[in-house]
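Enquirer: Contents of structure.cif (mmCIF, C-alpha atoms):
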data_data
loop_
_atom_site.group_PDB
_atom_site.id
_atom_site.type_symbol
_atom_site.label_atom_id
_atom_site.label_comp_id
_atom_site.auth_asym_id
_atom_site.auth_seq_id
_atom_site.Cartn_x
_atom_site.Cartn_y
_atom_site.Cartn_z
ATOM 1 C CA MET A 1 85.318 129.981 100.473
ATOM 2 C CA THR A 2 84.620 127.282 97.876
ATOM 3 C CA ASP A 3 81.366 125.383 98.120
ATOM 4 C CA PRO A 4 82.454 121.852 99.139
ATOM 5 C CA THR A 5 79.984 120.260 96.733
ATOM 6 C CA THR A 6 81.665 121.962 93.766
ATOM 7 C CA ALA A 7 85.291 121.797 94.923
ATOM 8 C CA ASP A 8 87.581 120.126 92.432
ATOM 9 C CA LEU A 9 88.346 116.581 93.421
ATOM 10 C CA PRO A 10 91.981 115.618 93.774
ATOM 11 C CA SER A 11 93.619 114.025 90.760
ATOM 12 C CA PHE A 12 94.184 110.277 90.849
ATOM 13 C CA PRO A 13 96.748 109.168 88.233
ATOM 14 C CA TYR A 14 95.441 105.584 88.210
ATOM 15 C CA HIS A 15 91.715 106.298 88.598
ATOM 16 C CA PRO A 16 90.912 109.241 86.313
ATOM 17 C CA ASP A 17 87.177 109.551 87.023
ATOM 18 C CA PRO A 18 86.180 108.101 90.408
ATOM 19 C CA LEU A 19 82.815 109.885 90.247
ATOM 20 C CA ALA A 20 81.898 108.119 86.997
ATOM 21 C CA THR A 21 82.964 104.722 88.366
ATOM 22 C CA GLY A 22 80.976 105.253 91.572
ATOM 23 C CA SER A 23 84.040 104.993 93.815
ATOM 24 C CA VAL A 24 83.503 108.559 95.019
ATOM 25 C CA VAL A 25 79.997 109.868 95.644
ATOM 26 C CA PRO A 26 78.490 113.197 96.726
ATOM 27 C CA SER A 27 77.888 113.275 100.482
ATOM 28 C CA ASP A 28 77.803 115.689 103.379
ATOM 29 C CA THR A 29 79.389 113.075 105.662
ATOM 30 C CA GLU A 30 82.268 114.255 107.814
ATOM 31 C CA CYS A 31 85.562 112.602 106.888
ATOM 32 C CA LEU A 32 86.745 110.252 109.610
ATOM 33 C CA SER A 33 90.361 111.162 108.888
ATOM 34 C CA CYS A 34 90.385 114.978 108.584
ATOM 35 C CA GLY A 35 87.056 115.832 110.232
ATOM 36 C CA ARG A 36 85.942 117.994 107.292
ATOM 37 C CA ARG A 37 82.784 117.870 105.197
ATOM 38 C CA ARG A 38 84.073 118.254 101.658
ATOM 39 C CA GLY A 39 81.014 117.228 99.667
ATOM 40 C CA TYR A 40 82.292 113.784 98.620
ATOM 41 C CA VAL A 41 83.187 110.482 100.246
ATOM 42 C CA TYR A 42 84.830 107.305 99.091
ATOM 43 C CA ALA A 43 82.299 104.508 98.472
ATOM 44 C CA GLY A 44 84.646 101.602 97.774
ATOM 45 C CA PRO A 45 86.293 98.950 99.921
ATOM 46 C CA VAL A 46 88.645 99.806 102.773
ATOM 47 C CA TYR A 47 90.912 97.129 104.184
ATOM 48 C CA ALA A 48 92.026 98.261 107.658
ATOM 49 C CA VAL A 49 92.168 97.141 111.266
ATOM 50 C CA ALA A 50 89.539 99.766 112.150
ATOM 51 C CA ASP A 51 85.989 99.382 110.901
ATOM 52 C CA ILE A 52 85.714 102.170 108.337
ATOM 53 C CA GLY A 53 82.595 102.681 106.265
ATOM 54 C CA HIS A 54 81.988 105.371 103.684
ATOM 55 C CA GLU A 55 83.541 108.042 105.870
ATOM 56 C CA LEU A 56 86.762 108.994 104.087
ATOM 57 C CA CYS A 57 87.092 111.965 101.772
ATOM 58 C CA PRO A 58 88.985 111.663 98.473
ATOM 59 C CA TRP A 59 91.543 114.254 99.658
ATOM 60 C CA CYS A 60 92.640 112.064 102.590
ATOM 61 C CA ILE A 61 92.992 109.142 100.193
ATOM 62 C CA ALA A 62 94.965 111.211 97.659
ATOM 63 C CA ASP A 63 97.480 112.533 100.172
ATOM 64 C CA GLY A 64 97.877 109.138 101.862
ATOM 65 C CA SER A 65 96.796 110.389 105.295
ATOM 66 C CA ALA A 66 93.817 107.986 105.509
ATOM 67 C CA ALA A 67 96.023 105.004 104.669
ATOM 68 C CA GLU A 68 98.640 106.099 107.172
ATOM 69 C CA ARG A 69 96.212 106.913 109.986
ATOM 70 C CA TYR A 70 94.243 103.669 109.695
ATOM 71 C CA GLU A 71 96.902 101.371 108.218
ATOM 72 C CA ALA A 72 94.486 101.012 105.327
ATOM 73 C CA PHE A 73 94.625 100.079 101.694
ATOM 74 C CA PHE A 74 91.905 100.335 99.074
ATOM 75 C CA THR A 75 92.736 97.611 96.568
ATOM 76 C CA GLU A 76 95.283 94.954 95.630
ATOM 77 C CA VAL A 77 97.707 95.380 92.762
ATOM 78 C CA ASP A 78 97.906 92.364 90.448
ATOM 79 C CA GLY A 79 101.301 92.078 88.805
ATOM 80 C CA GLN A 80 104.959 92.958 89.146
ATOM 81 C CA VAL A 81 105.416 96.715 89.484
ATOM 82 C CA PRO A 82 107.725 98.893 91.584
ATOM 83 C CA MET A 83 106.785 99.265 95.253
ATOM 84 C CA ASP A 84 106.117 103.002 94.855
ATOM 85 C CA VAL A 85 103.447 102.135 92.257
ATOM 86 C CA VAL A 86 101.920 99.534 94.584
ATOM 87 C CA ARG A 87 101.747 102.125 97.377
ATOM 88 C CA ALA A 88 100.318 104.805 95.057
ATOM 89 C CA VAL A 89 97.492 102.506 93.952
ATOM 90 C CA ALA A 90 96.821 100.621 97.186
ATOM 91 C CA GLN A 91 97.112 103.571 99.577
ATOM 92 C CA ARG A 92 96.472 106.771 97.581
ATOM 93 C CA THR A 93 93.936 105.760 94.930
ATOM 94 C CA PRO A 94 90.216 105.077 95.368
ATOM 95 C CA GLY A 95 89.570 101.399 94.802
ATOM 96 C CA PHE A 96 86.428 99.919 93.308
ATOM 97 C CA SER A 97 83.874 97.352 94.396
ATOM 98 C CA ALA A 98 83.889 93.986 92.702
ATOM 99 C CA TRP A 99 81.896 90.810 93.254
ATOM 100 C CA GLN A 100 84.994 88.967 94.465
ATOM 101 C CA GLN A 101 88.342 90.346 95.621
ATOM 102 C CA GLU A 102 89.272 93.431 93.614
ATOM 103 C CA ARG A 103 92.529 93.399 91.699
ATOM 104 C CA TRP A 104 94.174 96.324 89.972
ATOM 105 C CA LEU A 105 95.651 95.275 86.641
ATOM 106 C CA THR A 106 99.142 96.198 85.489
ATOM 107 C CA HIS A 107 100.866 96.494 82.127
ATOM 108 C CA CYS A 108 104.204 97.814 80.833
ATOM 109 C CA GLY A 109 105.667 97.736 84.344
ATOM 110 C CA ASP A 110 103.054 100.119 85.779
ATOM 111 C CA ALA A 111 99.539 99.994 87.172
ATOM 112 C CA ALA A 112 96.857 100.565 84.565
ATOM 113 C CA LEU A 113 94.108 103.198 84.622
ATOM 114 C CA PHE A 114 90.810 101.936 86.010
ATOM 115 C CA LEU A 115 87.998 102.931 83.634
ATOM 116 C CA GLY A 116 85.069 101.181 85.301
ATOM 117 C CA ARG A 117 82.722 98.215 85.224
ATOM 118 C CA ALA A 118 81.943 96.917 81.775
ATOM 119 C CA GLY A 119 79.509 94.665 80.012
ATOM 120 C CA VAL A 120 79.371 93.628 76.375
ATOM 121 C CA PRO A 121 78.424 97.092 75.008
ATOM 122 C CA GLU A 122 81.229 98.815 76.928
ATOM 123 C CA LEU A 123 83.783 96.212 75.807
ATOM 124 C CA GLU A 124 82.855 96.095 72.106
ATOM 125 C CA PRO A 125 85.146 99.031 71.173
ATOM 126 C CA TYR A 126 88.082 97.288 72.899
ATOM 127 C CA PRO A 127 88.923 93.939 71.290
ATOM 128 C CA ASP A 128 92.223 94.001 73.195
ATOM 129 C CA ALA A 129 90.262 93.929 76.474
ATOM 130 C CA MET A 130 88.182 91.001 75.212
ATOM 131 C CA GLU A 131 91.429 89.193 74.388
ATOM 132 C CA THR A 132 92.740 89.664 77.935
ATOM 133 C CA LEU A 133 89.457 88.290 79.247
ATOM 134 C CA ARG A 134 89.813 85.219 77.034
ATOM 135 C CA GLU A 135 93.408 84.750 78.229
ATOM 136 C CA ASP A 136 92.337 85.166 81.852
ATOM 137 C CA LEU A 137 89.542 82.621 81.497
ATOM 138 C CA GLY A 138 91.838 80.156 79.732
ATOM 139 C CA SER A 139 90.315 77.029 78.324
ATOM 140 C CA LEU A 140 87.242 76.989 80.517
ATOM 141 C CA GLY A 141 84.257 75.499 78.784
ATOM 142 C CA GLY A 142 81.610 78.071 77.935
ATOM 143 C CA THR A 143 84.048 80.988 77.749
ATOM 144 C CA GLU A 144 82.245 82.673 74.830
ATOM 145 C CA ALA A 145 78.839 82.279 76.508
ATOM 146 C CA PHE A 146 80.298 83.762 79.696
ATOM 147 C CA LEU A 147 81.738 86.726 77.774
ATOM 148 C CA ALA A 148 78.415 87.276 75.980
ATOM 149 C CA ALA A 149 76.684 87.494 79.380
ATOM 150 C CA LEU A 150 78.902 90.277 80.779
ATOM 151 C CA ASN A 151 76.810 93.097 82.226
ATOM 152 C CA ALA A 152 78.139 96.389 83.645
ATOM 153 C CA GLU A 153 75.250 96.647 86.107
ATOM 154 C CA GLY A 154 74.851 92.988 87.014
ATOM 155 C CA GLN A 155 76.857 89.836 86.882
ATOM 156 C CA PRO A 156 79.029 88.532 85.552
ATOM 157 C CA THR A 157 80.770 91.841 85.035
ATOM 158 C CA ALA A 158 84.135 92.942 83.710
ATOM 159 C CA TYR A 159 86.469 95.590 85.094
ATOM 160 C CA LEU A 160 88.045 97.684 82.341
ATOM 161 C CA PHE A 161 91.552 99.180 82.497
ATOM 162 C CA ARG A 162 93.894 100.931 80.053
ATOM 163 C CA CYS A 163 97.681 100.827 80.102
ATOM 164 C CA ARG A 164 99.166 104.251 80.856
ATOM 165 C CA HIS A 165 102.019 103.629 78.410
ATOM 166 C CA CYS A 166 100.923 101.623 75.371
ATOM 167 C CA GLU A 167 97.176 102.340 75.847
ATOM 168 C CA ARG A 168 96.232 98.658 75.505
ATOM 169 C CA HIS A 169 92.890 97.907 77.134
ATOM 170 C CA LEU A 170 92.799 95.152 79.741
ATOM 171 C CA ALA A 171 89.978 93.563 81.671
ATOM 172 C CA TYR A 172 89.105 90.807 84.077
ATOM 173 C CA ALA A 173 85.694 89.436 85.006
ATOM 174 C CA ASP A 174 84.029 88.006 88.071
ATOM 175 C CA PHE A 175 80.665 87.152 89.632
ATOM 176 C CA THR A 176 79.303 85.913 92.955
#
As structure tokens - that is how I would like this structure written.
Expert:
Amino acid sequence: MTDPTTADLPSFPYHPDPLATGSVVPSDTECLSCGRRRGYVYAGPVYAVADIGHELCPWCIADGSAAERYEAFFTEVDGQVPMDVVRAVAQRTPGFSAWQQERWLTHCGDAALFLGRAGVPELEPYPDAMETLREDLGSLGGTEAFLAALNAEGQPTAYLFRCRHCERHLAYADFT
């Protein structure tokens, strides 16, 4: 039998590394959905009628059983994409925690890949992401000062994505 702490996590097409982003963490907690201890739990937001904490395993998210059992979703999709993409992201992909309401970015008619929280150093290699931040912020006064203050571990922070098709980097920012 495989040690649950070393078992391969399920693959998430829209969230390639949920361990690195902190959305999935090591834990010996029993999954509320399947009743198994698999070595990992989901640490992001759950929107459901039932009060669910960090008690769902990534496998029950990946196969959609947690969403079905608890009428849950894990994020909101921001943009016009097919309903099967919305369901794949909202109900079968680990979300992420943001300061305000999370929103999953889209591009080229599909949901983008979530790469993680980002500050200035993480965004420097991606001028296309900085451009989407400028577009998102519009003509607000102090936009450049706001962008210069972005911090992956604090606030304001950006959330970095990459298009699955054209590989353009996208981002949005928020704070409390």
Enquirer: Residues within 12 Å of (90.6, 84.8, 78.6), file coordinates, counting only C-alpha atoms: what are they? Give the list as a list in words.
Expert: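 Residues lying no farther than 12 Å from the given point: Pro127, Asp128, Ala129, Met130, Glu131, Thr132, Leu133, Arg134, Glu135, Asp136, Leu137, Gly138, Ser139, Leu140, Gly141, Gly142, Thr143, Glu144, Phe146, Leu147, Ala158, Leu170, Ala171, Tyr172, Ala173 and Asp174 of chain A.
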Enquirer: I need the output of the PyMOL selection byres ((chain A and resi 109-113) around 8) for this file as JSON, numbers by chain; which residues are they?
Expert: {"A": [13, 14, 15, 16, 77, 80, 81, 82, 85, 86, 89, 104, 105, 106, 107, 108, 114, 115, 161, 162, 163, 164]}
Enquirer: Box along x, y and z, 4 Å on every side, all listed atoms of segment 161-174 of chain A inside: centre and edge lengths in Å to one decimal, as AutoDock Vina command-line options.
Expert:
--center_x 93.0 --center_y 96.1 --center_z 81.7 --size_x 26.0 --size_y 24.2 --size_z 20.7
Enquirer: Give the answer as one residue: which of A:Ala20, A:Met83, A:Ala90, A:Cys60 has the shortest atom-to-atom distance to Pro45 of chain A, using all atoms listed in the file?
Expert: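 Closest to Pro45 of chain A of all the choices is A:Ala90.
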Enquirer: Separation of atom CA of Gly79 of chain A and atom CA of Ser11 of chain A, in Å?
Expert: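 Atom-to-atom, atom CA of Gly79 of chain A to atom CA of Ser11 of chain A, that is 23.3 Å.
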Enquirer: Can you tell me, as JSON, numbers by chain, what residues are no more than 8 Å from Leu56 of chain A when counting all atoms listed in the file, ignoring any on the same chain fewer than 6 positions away?
Expert: {"A": [30, 31, 32, 33, 41, 42, 66]}
Enquirer: Just the selected residues (C-alpha atoms), exported as a PDB file, keeping the file's coordinate frame, please.
Expert:
ATOM      1  CA  GLU A  30      82.268 114.255 107.814  1.00  0.00           C
ATOM      2  CA  CYS A  31      85.562 112.602 106.888  1.00  0.00           C
ATOM      3  CA  LEU A  32      86.745 110.252 109.610  1.00  0.00           C
ATOM      4  CA  SER A  33      90.361 111.162 108.888  1.00  0.00           C
ATOM      5  CA  VAL A  41      83.187 110.482 100.246  1.00  0.00           C
ATOM      6  CA  TYR A  42      84.830 107.305  99.091  1.00  0.00           C
ATOM      7  CA  ALA A  66      93.817 107.986 105.509  1.00  0.00           C
TER       8      ALA A  66
END
Enquirer: Can you work out which one of A:Val46, A:Cys34, A:Ile52, A:Leu160 has the shortest atom-to-atom distance to Glu122 of chain A, counting all atoms listed in the file?
Expert: A:Leu160
Enquirer: Go through A:Ala145, A:Pro125, A:Gly35, A:Pro156 one by one, measure the shortest atom-to-atom distance of each to His169 of chain A using only C-alpha atoms, and give the residue with the smallest value.
Expert: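 Smallest distance to His169 of chain A is found for A:Pro125.
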Enquirer: Using the chain letters and numbers from the file, give me the residues hit by the PyMOL selection byres ((chain A and resi 62) around 9), as a PyMOL selection string.
Expert: chain A and resi 10-12+57-61+63-66+88+91-94
Enquirer: Report the distance between atom CA of Asn151 of chain A and atom CA of Pro18 of chain A in Å, rounded to one decimal place.
Expert: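 Spanning atom CA of Asn151 of chain A to atom CA of Pro18 of chain A is a straight-line distance of 19.5 Å.
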Enquirer: Using all atoms listed in the file, which of A:Glu124, A:Glu55, A:Glu153, A:Glu167 sits nearest Gly39 of chain A?
Expert: A:Glu55
Enquirer: Counting all atoms listed in the file, which of A:Arg103, A:Leu9, A:Ala98, A:Leu150 gets nearest to Asp78 of chain A?
Expert: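 Among the listed residues, the smallest separation from Asp78 of chain A belongs to A:Arg103.
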Enquirer: What gap, in Å, lies between atom CA of Val24 of chain A and atom CA of His54 of chain A?
Expert: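 That distance, rounded to one decimal, is 9.4 Å.
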Enquirer: Using only C-alpha atoms, which of the listed residues (A:Asp51, A:Gly116, A:Ala72, A:Leu123) sits closest to Leu19 of chain A?
Expert: A:Gly116
Enquirer: Can you pull out every residue within 7 Å of Phe175 of chain A, counting only C-alpha atoms, but drop anything in the same chain fewer than 3 positions away, and send it as JSON, numbers by chain?
Expert: {"A": [99, 100, 155, 156, 157]}
Enquirer: I would like the residues chosen by the PyMOL selection byres ((chain A and resi 28) around 9) on the shown file; could you give them as number ranges by chain?
Expert: A: 4-5, 26-27, 29-30, 37-41
